[in-house]
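Notes follow the structure.
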Amino acid sequence: MAARLDYRWHLRKVMADRGMFSTTDLIGPLAGRGITLSSSQVYRLVTERPERLSLKILMALLDILDCTMDDLIEPVAAASPARRTGKAAAGGAGDTPGIGALRPKRARITGTAQ
């Protein structure tokens, strides 16, 4: 099974390292590179981890901040969901019966009635 990858977005940290502490500090430099984003779009770009990102915007950020992709995006292994064991799936720990113990047994027909 292939390893699942995730990433961490470090735009806010890289901006702070460059003395840019306001999200609106990016609006002018982006506009100078032909990219027009609203202040709310820039805010989301800085404060949230983007799921989709235009390569033009990424290249502009790298140029504005004079950094590399490794500075902005850190690949990490995704946390795998906890696997359920048979005992946990049955519904109980210790002496508590699981759901299987509470189900009725199937009736069996052993002969014909006359």
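Chain lettering (A, B, ...) mirrors the order of the structure tokens, residue numbering begins at 1 for each chain separately, and ligand numbering begins at 1 in order of display.
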
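Using only C-alpha atoms, the protein and nucleic acid residues lying no more than 10 Å from Arg4 (chain A), apart from those fewer than 5 places from it along its own chain, are Val76, Ala77, Ala78, Ala79 and Ser80 of chain A.
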
Query raised in the report: Which residues come within 12 Å of Gln41 (chain A), counting only C-alpha atoms, excluding same-chain residues fewer than 4 positions away, as a PyMOL selection string?
Result: chain A and resi 23-24+26-27+30+35-37+45-48+50+53+57
